[in-house]
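What follows is coords.cif (mmCIF, C-alpha atoms (C1' of nucleotides)).
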```cif
data_run
#
loop_
_atom_site.label_atom_id
_atom_site.label_comp_id
_atom_site.auth_asym_id
_atom_site.auth_seq_id
_atom_site.Cartn_x
_atom_site.Cartn_y
_atom_site.Cartn_z
CA MET A 90 14.00 19.74 30.41
CA GLY A 91 12.59 17.47 33.01
CA ARG A 92 14.39 14.63 31.30
CA LYS A 93 15.54 13.42 34.71
CA ASP A 94 12.04 12.08 35.28
CA ALA A 95 13.03 9.23 33.03
CA ASP A 96 15.45 8.04 35.67
CA VAL A 97 12.78 7.62 38.29
CA CYS A 98 12.13 3.93 38.77
CA GLU A 99 8.36 4.25 38.55
CA ILE A 100 8.61 5.45 34.98
CA TYR A 101 9.95 2.66 32.86
CA TYR A 102 10.14 3.97 29.34
CA VAL A 103 6.98 5.98 28.77
CA ASN A 104 7.84 9.47 29.86
CA GLU A 105 4.56 10.58 31.38
CA ALA A 106 5.67 14.19 31.64
CA HIS A 107 6.36 14.34 27.93
CA VAL A 108 3.08 12.68 27.13
CA ARG A 109 1.20 15.16 29.27
CA SER A 110 2.92 18.21 27.83
CA ALA A 111 2.39 16.91 24.32
CA ARG A 112 -1.26 16.28 25.08
CA ARG A 113 -1.64 19.88 26.12
CA VAL A 114 -0.47 21.00 22.69
CA LEU A 115 -2.93 18.86 20.81
CA SER A 116 -5.99 20.63 19.47
CA PRO A 117 -9.31 19.39 20.75
CA GLU A 118 -10.54 16.25 19.05
CA ARG A 119 -13.09 17.98 16.84
CA GLU A 120 -10.48 20.43 15.57
CA ILE A 121 -8.18 17.53 14.80
CA LEU A 122 -10.95 15.84 12.88
CA SER A 123 -11.80 19.00 10.95
CA LEU A 124 -8.15 19.53 10.16
CA ALA A 125 -7.73 15.99 8.89
CA GLU A 126 -10.95 16.26 6.92
CA ILE A 127 -9.78 19.38 5.11
CA PHE A 128 -6.46 17.82 4.25
CA ARG A 129 -8.09 14.59 3.17
CA THR A 130 -10.36 16.57 0.89
CA LEU A 131 -7.31 18.18 -0.69
CA GLY A 132 -5.55 14.83 -0.82
CA ASP A 133 -6.92 13.71 -4.14
CA PRO A 134 -5.39 14.57 -7.53
CA THR A 135 -8.75 15.14 -9.17
CA ARG A 136 -9.87 17.57 -6.50
CA VAL A 137 -6.52 19.37 -6.56
CA LYS A 138 -6.93 19.88 -10.28
CA ILE A 139 -10.46 21.14 -9.85
CA LEU A 140 -9.38 23.71 -7.28
CA GLN A 141 -6.43 24.82 -9.38
CA ALA A 142 -8.64 25.20 -12.43
CA LEU A 143 -11.26 27.16 -10.53
CA SER A 144 -8.62 29.47 -9.12
CA VAL A 145 -8.68 31.31 -12.45
CA GLU A 146 -12.33 31.43 -13.40
CA GLU A 147 -15.58 29.68 -12.84
CA LEU A 148 -16.22 26.58 -14.90
CA CYS A 149 -19.17 24.34 -15.52
CA VAL A 150 -19.27 20.62 -14.80
CA CYS A 151 -18.77 19.58 -18.39
CA ASP A 152 -15.77 21.89 -18.84
CA LEU A 153 -14.20 20.38 -15.75
CA ALA A 154 -14.98 16.84 -16.88
CA LYS A 155 -13.35 17.52 -20.21
CA LEU A 156 -10.37 19.11 -18.52
CA LEU A 157 -9.95 16.24 -16.06
CA GLY A 158 -10.56 13.50 -18.55
CA ILE A 159 -13.15 11.79 -16.38
CA SER A 160 -16.91 11.40 -16.66
CA GLU A 161 -19.23 14.24 -15.77
CA SER A 162 -20.73 12.03 -13.11
CA ALA A 163 -17.40 11.56 -11.38
CA THR A 164 -16.79 15.28 -11.66
CA SER A 165 -20.15 16.03 -10.09
CA HIS A 166 -19.40 13.62 -7.27
CA GLN A 167 -16.13 15.36 -6.52
CA LEU A 168 -17.73 18.77 -6.71
CA ARG A 169 -20.25 17.56 -4.20
CA VAL A 170 -17.41 16.67 -1.83
CA LEU A 171 -15.85 20.08 -2.33
CA ARG A 172 -19.21 21.74 -1.78
CA SER A 173 -19.78 19.86 1.45
CA GLN A 174 -16.52 21.34 2.70
CA LYS A 175 -17.53 24.75 1.40
CA LEU A 176 -14.44 24.88 -0.78
CA VAL A 177 -16.43 25.62 -3.93
CA ARG A 178 -19.67 27.39 -4.63
CA PHE A 179 -21.95 27.09 -7.62
CA ARG A 180 -24.24 29.29 -9.59
CA LYS A 181 -27.00 27.98 -11.80
CA GLU A 182 -27.49 29.52 -15.21
CA GLY A 183 -30.18 27.66 -17.05
CA LYS A 184 -29.16 24.02 -17.12
CA MET A 185 -25.53 24.84 -16.52
CA ALA A 186 -23.91 24.95 -13.11
CA PHE A 187 -20.88 27.19 -12.85
CA TYR A 188 -18.54 26.41 -10.03
CA SER A 189 -16.02 28.73 -8.43
CA LEU A 190 -13.81 28.81 -5.37
CA ASP A 191 -15.60 29.62 -2.14
CA ASP A 192 -12.59 29.85 0.09
CA ALA A 193 -9.60 32.14 -0.15
CA HIS A 194 -7.64 30.21 2.46
CA ILE A 195 -7.54 27.07 0.40
CA ASP A 196 -5.79 28.74 -2.49
CA SER A 197 -3.00 30.02 -0.24
CA LEU A 198 -2.87 26.63 1.43
CA MET A 199 -2.36 24.97 -1.94
CA LYS A 200 0.22 27.50 -3.01
CA GLU A 201 2.15 26.99 0.21
CA ALA A 202 2.08 23.23 -0.27
CA LEU A 203 3.14 23.70 -3.87
CA ARG A 204 6.16 25.65 -2.71
CA HIS A 205 6.99 22.81 -0.40
CA VAL A 206 6.64 20.26 -3.15
CA ARG A 207 8.84 22.27 -5.48
CA GLU A 208 11.59 22.64 -2.90
CA GLY A 209 11.48 18.93 -2.27
CA THR A 210 11.63 18.30 -6.00
CA ASP A 211 14.59 20.55 -6.50
CA GLN A 212 16.89 19.33 -3.80
CA GLY A 213 15.59 16.25 -2.16
CA ARG A 214 13.08 14.42 -4.32
CA GLU A 215 15.22 11.51 -5.42
CA ARG A 216 16.63 11.23 -1.93
CA THR A 217 13.10 11.01 -0.60
CA GLU A 218 12.24 8.26 -3.04
CA ARG A 219 15.24 6.27 -1.97
CA ILE A 220 14.47 6.67 1.71
CA ARG A 221 11.08 5.05 1.25
CA GLU A 222 12.88 1.73 0.99
CA SER A 223 15.80 2.09 3.32
CA ALA A 224 14.28 4.26 6.03
CA GLY A 225 14.41 1.48 8.61
CA MET B 196 -17.06 38.13 -20.80
CA GLY B 197 -16.09 35.96 -23.71
CA ARG B 198 -19.17 33.94 -22.86
CA LYS B 199 -20.44 34.56 -26.37
CA ASP B 200 -18.16 31.77 -27.56
CA ALA B 201 -20.77 29.44 -26.19
CA ASP B 202 -23.18 30.64 -28.83
CA VAL B 203 -21.03 29.56 -31.72
CA CYS B 204 -22.60 26.51 -33.26
CA GLU B 205 -19.40 24.51 -33.36
CA ILE B 206 -19.08 24.72 -29.61
CA TYR B 207 -22.02 22.94 -28.11
CA TYR B 208 -21.61 23.36 -24.40
CA VAL B 209 -17.99 22.59 -23.61
CA ASN B 210 -16.18 25.88 -23.83
CA GLU B 211 -12.88 24.78 -25.32
CA ALA B 212 -11.25 28.13 -24.69
CA HIS B 213 -11.98 27.92 -21.00
CA VAL B 214 -10.77 24.36 -20.86
CA ARG B 215 -7.53 25.28 -22.55
CA SER B 216 -6.86 28.29 -20.36
CA ALA B 217 -7.65 26.25 -17.26
CA ARG B 218 -5.33 23.50 -18.44
CA ARG B 219 -2.53 26.01 -18.70
CA VAL B 220 -2.93 26.85 -15.03
CA LEU B 221 -2.74 23.26 -13.86
CA SER B 222 0.55 22.14 -12.40
CA PRO B 223 2.27 19.29 -14.23
CA GLU B 224 0.89 15.89 -13.36
CA ARG B 225 3.71 14.91 -11.06
CA GLU B 226 3.35 18.10 -9.05
CA ILE B 227 -0.36 17.46 -8.74
CA LEU B 228 0.36 13.97 -7.49
CA SER B 229 2.94 15.20 -5.00
CA LEU B 230 0.57 17.86 -3.80
CA ALA B 231 -2.25 15.39 -3.31
CA GLU B 232 0.12 12.96 -1.62
CA ILE B 233 1.22 15.55 0.93
CA PHE B 234 -2.36 16.52 1.71
CA ARG B 235 -3.45 12.91 1.90
CA THR B 236 -0.65 12.25 4.35
CA LEU B 237 -1.93 15.10 6.50
CA GLY B 238 -5.48 13.90 6.06
CA ASP B 239 -5.54 11.45 8.92
CA PRO B 240 -6.35 12.36 12.55
CA THR B 241 -3.64 10.13 13.96
CA ARG B 242 -0.96 11.67 11.79
CA VAL B 243 -2.20 15.18 12.54
CA LYS B 244 -1.87 14.44 16.22
CA ILE B 245 1.60 13.02 15.77
CA LEU B 246 2.76 16.12 13.92
CA GLN B 247 1.19 18.45 16.47
CA ALA B 248 2.80 16.56 19.31
CA LEU B 249 6.20 16.58 17.66
CA SER B 250 5.96 20.31 17.02
CA VAL B 251 6.97 20.83 20.65
CA GLU B 252 9.66 18.25 21.27
CA GLU B 253 10.89 14.93 20.04
CA LEU B 254 9.07 11.86 21.33
CA CYS B 255 9.69 8.15 21.18
CA VAL B 256 7.30 5.64 19.66
CA CYS B 257 5.94 4.46 22.99
CA ASP B 258 5.25 8.01 24.17
CA LEU B 259 3.35 8.67 20.99
CA ALA B 260 1.43 5.41 21.26
CA LYS B 261 0.43 6.26 24.80
CA LEU B 262 -0.55 9.76 23.75
CA LEU B 263 -2.58 8.57 20.79
CA GLY B 264 -4.20 5.67 22.58
CA ILE B 265 -3.30 3.20 19.86
CA SER B 266 -0.83 0.33 19.69
CA GLU B 267 2.86 0.94 19.24
CA SER B 268 2.62 -1.05 16.03
CA ALA B 269 0.02 1.26 14.57
CA THR B 270 2.10 4.22 15.70
CA SER B 271 5.16 2.82 14.01
CA HIS B 272 3.18 2.24 10.84
CA GLN B 273 2.08 5.87 10.76
CA LEU B 274 5.55 7.12 11.54
CA ARG B 275 6.75 5.11 8.61
CA VAL B 276 4.30 6.94 6.38
CA LEU B 277 5.43 10.29 7.75
CA ARG B 278 9.06 9.30 7.27
CA SER B 279 8.47 8.31 3.67
CA GLN B 280 7.21 11.84 3.07
CA LYS B 281 10.15 13.27 4.99
CA LEU B 282 7.80 14.96 7.41
CA VAL B 283 9.48 13.44 10.44
CA ARG B 284 13.00 12.35 11.22
CA PHE B 285 14.22 9.95 13.83
CA ARG B 286 17.23 9.53 16.02
CA LYS B 287 18.22 6.26 17.64
CA GLU B 288 19.33 6.31 21.24
CA GLY B 289 19.90 2.76 22.39
CA LYS B 290 16.72 0.87 21.79
CA MET B 291 14.63 4.00 21.69
CA ALA B 292 13.77 5.90 18.52
CA PHE B 293 13.08 9.58 19.03
CA TYR B 294 11.05 11.24 16.35
CA SER B 295 10.92 14.92 15.51
CA LEU B 296 9.63 17.15 12.74
CA ASP B 297 11.76 17.21 9.63
CA ASP B 298 9.90 19.93 7.81
CA ALA B 299 9.26 23.50 8.84
CA HIS B 300 6.75 24.06 6.06
CA ILE B 301 4.38 21.45 7.38
CA ASP B 302 3.98 23.17 10.70
CA SER B 303 2.99 26.44 9.05
CA LEU B 304 0.74 24.52 6.70
CA MET B 305 -1.03 22.95 9.65
CA LYS B 306 -1.31 26.26 11.46
CA GLU B 307 -2.81 27.89 8.40
CA ALA B 308 -5.32 25.10 8.04
CA LEU B 309 -6.10 25.36 11.73
CA ARG B 310 -6.88 29.03 11.28
CA HIS B 311 -9.23 28.11 8.49
CA VAL B 312 -10.92 25.45 10.60
CA ARG B 313 -11.37 27.84 13.50
CA GLU B 314 -12.94 30.50 11.31
CA GLY B 315 -15.30 27.93 9.94
CA THR B 316 -16.11 26.74 13.44
CA ASP B 317 -16.92 30.20 14.67
CA GLN B 318 -19.28 31.32 11.98
CA GLY B 319 -20.19 28.50 9.67
CA ARG B 320 -19.55 25.08 11.14
CA GLU B 321 -23.11 23.99 11.81
CA ARG B 322 -24.17 25.46 8.52
CA THR B 323 -21.53 23.37 6.80
CA GLU B 324 -22.78 20.24 8.52
CA ARG B 325 -26.29 20.92 7.38
CA ILE B 326 -25.21 21.59 3.81
CA ARG B 327 -23.78 18.11 3.51
CA GLU B 328 -27.34 16.85 3.21
CA SER B 329 -29.10 19.57 1.32
CA ALA B 330 -26.30 20.76 -0.93
CA GLY B 331 -28.17 19.86 -4.10
"C1'" DT C 174 -46.86 18.24 -24.22
"C1'" DT C 175 -42.39 15.40 -25.82
"C1'" DA C 176 -37.63 15.29 -26.28
"C1'" DA C 177 -32.92 16.41 -25.43
"C1'" DC C 178 -29.65 18.39 -22.54
"C1'" DG C 179 -26.70 19.36 -18.30
"C1'" DT C 180 -26.42 17.95 -13.94
"C1'" DA C 181 -27.23 15.26 -9.64
"C1'" DT C 182 -27.76 11.00 -7.16
"C1'" DG C 183 -27.68 6.00 -5.67
"C1'" DA C 184 -25.79 1.39 -6.24
"C1'" DA C 185 -21.88 -1.38 -6.96
"C1'" DC C 186 -17.34 -2.45 -7.88
"C1'" DA C 187 -12.06 -2.51 -7.39
"C1'" DG C 188 -8.56 -0.61 -4.92
"C1'" DA C 189 -6.49 1.76 -1.02
"C1'" DC C 190 -6.28 2.75 3.91
"C1'" DG C 191 -5.70 2.22 9.18
"C1'" DT C 192 -5.25 -0.92 12.68
"C1'" DG C 193 -4.15 -5.19 15.46
"C1'" DC C 194 -1.70 -9.45 15.63
"C1'" DA C 195 2.28 -12.30 15.32
"C1'" DG C 196 6.90 -12.54 14.48
"C1'" DA C 197 11.61 -10.56 13.49
"C1'" DC C 198 15.31 -7.38 14.34
"C1'" DG C 199 18.92 -4.91 16.99
"C1'" DA C 200 20.39 -3.17 21.60
"C1'" DG C 201 21.37 -3.82 26.37
"C1'" DC C 202 21.67 -6.77 30.52
"C1'" DG C 203 22.05 -11.25 33.22
"C1'" DC D 300 25.22 -17.21 25.51
"C1'" DG D 301 19.97 -16.39 26.49
"C1'" DC D 302 16.53 -13.08 27.67
"C1'" DT D 303 13.96 -8.79 27.65
"C1'" DC D 304 12.85 -4.46 25.78
"C1'" DG D 305 11.62 -1.05 22.15
"C1'" DT D 306 10.76 -0.88 17.57
"C1'" DC D 307 9.78 -2.49 12.89
"C1'" DT D 308 7.41 -5.24 9.35
"C1'" DG D 309 4.23 -8.69 6.82
"C1'" DC D 310 -0.22 -10.24 6.85
"C1'" DA D 311 -5.23 -10.13 7.48
"C1'" DC D 312 -9.40 -7.84 8.47
"C1'" DG D 313 -12.92 -4.32 8.23
"C1'" DT D 314 -13.74 0.11 6.46
"C1'" DC D 315 -13.50 3.88 3.40
"C1'" DT D 316 -12.80 6.00 -1.29
"C1'" DG D 317 -13.10 7.15 -6.33
"C1'" DT D 318 -14.95 5.75 -10.28
"C1'" DT D 319 -18.54 3.99 -13.63
"C1'" DC D 320 -23.19 2.74 -14.71
"C1'" DA D 321 -27.96 3.53 -14.63
"C1'" DT D 322 -31.33 6.57 -13.48
"C1'" DA D 323 -33.81 10.78 -11.90
"C1'" DC D 324 -34.29 15.79 -11.69
"C1'" DG D 325 -34.87 20.52 -13.58
"C1'" DT D 326 -34.38 23.39 -17.73
"C1'" DT D 327 -34.77 24.57 -22.51
"C1'" DA D 328 -36.41 24.02 -27.19
"C1'" DA D 329 -39.56 22.16 -30.56
#
```
Go ahead and render the structure in this file as structure tokens.
Amino acid sequence: MGRKDADVCEIYYVNEAHVRSARRVLSPEREILSLAEIFRTLGDPTRVKILQALSVEELCVCDLAKLLGISESATSHQLRVLRSQKLVRFRKEGKMAFYSLDDAHIDSLMKEALRHVREGTDQGRERTERIRESAG
Amino acid sequence: MGRKDADVCEIYYVNEAHVRSARRVLSPEREILSLAEIFRTLGDPTRVKILQALSVEELCVCDLAKLLGISESATSHQLRVLRSQKLVRFRKEGKMAFYSLDDAHIDSLMKEALRHVREGTDQGRERTERIRESAG
DNA sequence: TTAACGTATGAACAGACGTGCAGACGAGCG
DNA sequence: CGCTCGTCTGCACGTCTGTTCATACGTTAA
């Protein structure tokens, strides 16, 4: 639709109409940034594991560290990141800090992504790997 | 609730039972990596914009570059990343390369995350910002 | 109180990321 | 053929990220 604009001599190759209509669809900048921030937070294997583990029951830092196979310091750092995004919440009991999920959305988001990953694994994973080289 | 295990002298503070049960819930390593990879791919403002823009109609590299306000080279680089994840697909028409979404899941994933972001914006955004400093 | 523990934080490092630049490639036109 | 256009890719640069190390904080026990 409106593709005939491309034939107008003033428009060389950038189709201004398409650019404008696409721009209208874009979320406002701060929503884009928030969106990317959430995804970036989920885009780390360690944090994914933490969230998966906490989806069952609350765990303390040392349990998580043991589970993840990394230092308690690194675990605490990552929990701090997750806290800053309000993805996890913690409860102090003496010296221990028990962490749990603070966001129901995230769990469904992860499950949805997991479905996607599994589909890709079943029918297109190896194809995907191959395309990384020959996509051009 | 089973917390009494922590009192057994052999278990100092790491609750092995919890660690084991949590480990059972974790997806296999390669699924975790795929999951994180997908999220990390979505965790960049430029790529989020590209995917949002392509959710309406296919666009060529130069349109996207114009829309994003970055060079066509940078745009091509990002499209390459998205291609490697099979999130976008492209169609050659002469010299032009028209890109479109290759994955229906991703769009719903983004919309779900957007819902989450908007909820957070309405009732807790500024609180979240503040917590980044005082979370401890 | 002193000491040990669980956790949190800051500095510093290696590695990864996003972008621009320069050049290469294929397609279309003279 | 040569030339331009649209796109792609290798390299370099600055920035960001995830981890470890050392250290500090708050709690519990002696």
Set up a box along x, y and z of the file covering all listed atoms of stretch 175-192 of chain C, add 8 Å on every one of the six sides, and write the centre and edge lengths in Å to one decimal, as AutoDock Vina command-line options.
```
--center_x -23.8 --center_y 8.4 --center_z -6.8 --size_x 53.1 --size_y 37.9 --size_z 55.0
```
To test your reading of the syntax: which residues would the PyMOL selection byres ((chain A) within 12 of (chain D)) return for the file shown? Reply as a short mmCIF file (atom, residue, chain, number, x, y, z; two decimals) with C-alpha atoms, in the coordinates of the input.
```
data_model
loop_
_atom_site.label_atom_id
_atom_site.label_comp_id
_atom_site.auth_asym_id
_atom_site.auth_seq_id
_atom_site.Cartn_x
_atom_site.Cartn_y
_atom_site.Cartn_z
CA TYR A 101 9.95 2.66 32.86
CA TYR A 102 10.14 3.97 29.34
CA VAL A 103 6.98 5.98 28.77
CA ARG A 129 -8.09 14.59 3.17
CA THR A 130 -10.36 16.57 0.89
CA GLY A 132 -5.55 14.83 -0.82
CA ASP A 133 -6.92 13.71 -4.14
CA PRO A 134 -5.39 14.57 -7.53
CA THR A 135 -8.75 15.14 -9.17
CA ARG A 136 -9.87 17.57 -6.50
CA ILE A 159 -13.15 11.79 -16.38
CA SER A 160 -16.91 11.40 -16.66
CA GLU A 161 -19.23 14.24 -15.77
CA SER A 162 -20.73 12.03 -13.11
CA ALA A 163 -17.40 11.56 -11.38
CA THR A 164 -16.79 15.28 -11.66
CA SER A 165 -20.15 16.03 -10.09
CA HIS A 166 -19.40 13.62 -7.27
CA GLN A 167 -16.13 15.36 -6.52
CA VAL A 170 -17.41 16.67 -1.83
CA LYS A 181 -27.00 27.98 -11.80
CA GLU A 182 -27.49 29.52 -15.21
CA GLY A 183 -30.18 27.66 -17.05
CA LYS A 184 -29.16 24.02 -17.12
CA MET A 185 -25.53 24.84 -16.52
CA ALA A 186 -23.91 24.95 -13.11
CA ALA A 224 14.28 4.26 6.03
CA GLY A 225 14.41 1.48 8.61
#
```
Determine the residue set returned by the PyMOL selection byres ((chain B and resi 296) around 10) for the present structure, and present it as a PyMOL selection string.
chain B and resi 245-253+277-278+281-285+294-295+297-299+301-302
Using the chain letters and numbers from the file, give me the residues hit by the PyMOL selection byres ((chain A) within 7 of (chain B)), as a ChimeraX atom specification.
/A:103-104,108,111-112,114-115,121-126,128-129,131-134,137-138,141-142,151-152,156,173-175,194,198,202-203,205-206,217,220-221
Give the residues of chain C that lie within 10 Å of chain B; count all atoms listed in the file, and format the answer as an MDAnalysis selection string.
chainID C and resid 178:179 181:182 191:194 199:201
Output file for the selection above: C-alpha atoms (C1' of nucleotides), as a PDB file, in the coordinates of the input:
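Ended up saving to selection06.pdb:
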```
ATOM      1  C1'  DC C 178     -29.650  18.390 -22.540  1.00  0.00           C
ATOM      2  C1'  DG C 179     -26.700  19.360 -18.300  1.00  0.00           C
ATOM      3  C1'  DA C 181     -27.230  15.260  -9.640  1.00  0.00           C
ATOM      4  C1'  DT C 182     -27.760  11.000  -7.160  1.00  0.00           C
ATOM      5  C1'  DG C 191      -5.700   2.220   9.180  1.00  0.00           C
ATOM      6  C1'  DT C 192      -5.250  -0.920  12.680  1.00  0.00           C
ATOM      7  C1'  DG C 193      -4.150  -5.190  15.460  1.00  0.00           C
ATOM      8  C1'  DC C 194      -1.700  -9.450  15.630  1.00  0.00           C
ATOM      9  C1'  DG C 199      18.920  -4.910  16.990  1.00  0.00           C
ATOM     10  C1'  DA C 200      20.390  -3.170  21.600  1.00  0.00           C
ATOM     11  C1'  DG C 201      21.370  -3.820  26.370  1.00  0.00           C
TER      12       DG C 201
END
```
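Relative to atom C1' of C:DA189, atom CA of B:Leu274 is found at 18.2 Å.
Distance-wise, atom CA of A:Phe187 and atom C1' of C:DT180 end up 10.8 Å apart.
You will find atom C1' of C:DA195 at 20.4 Å from atom CA of B:Gly264.
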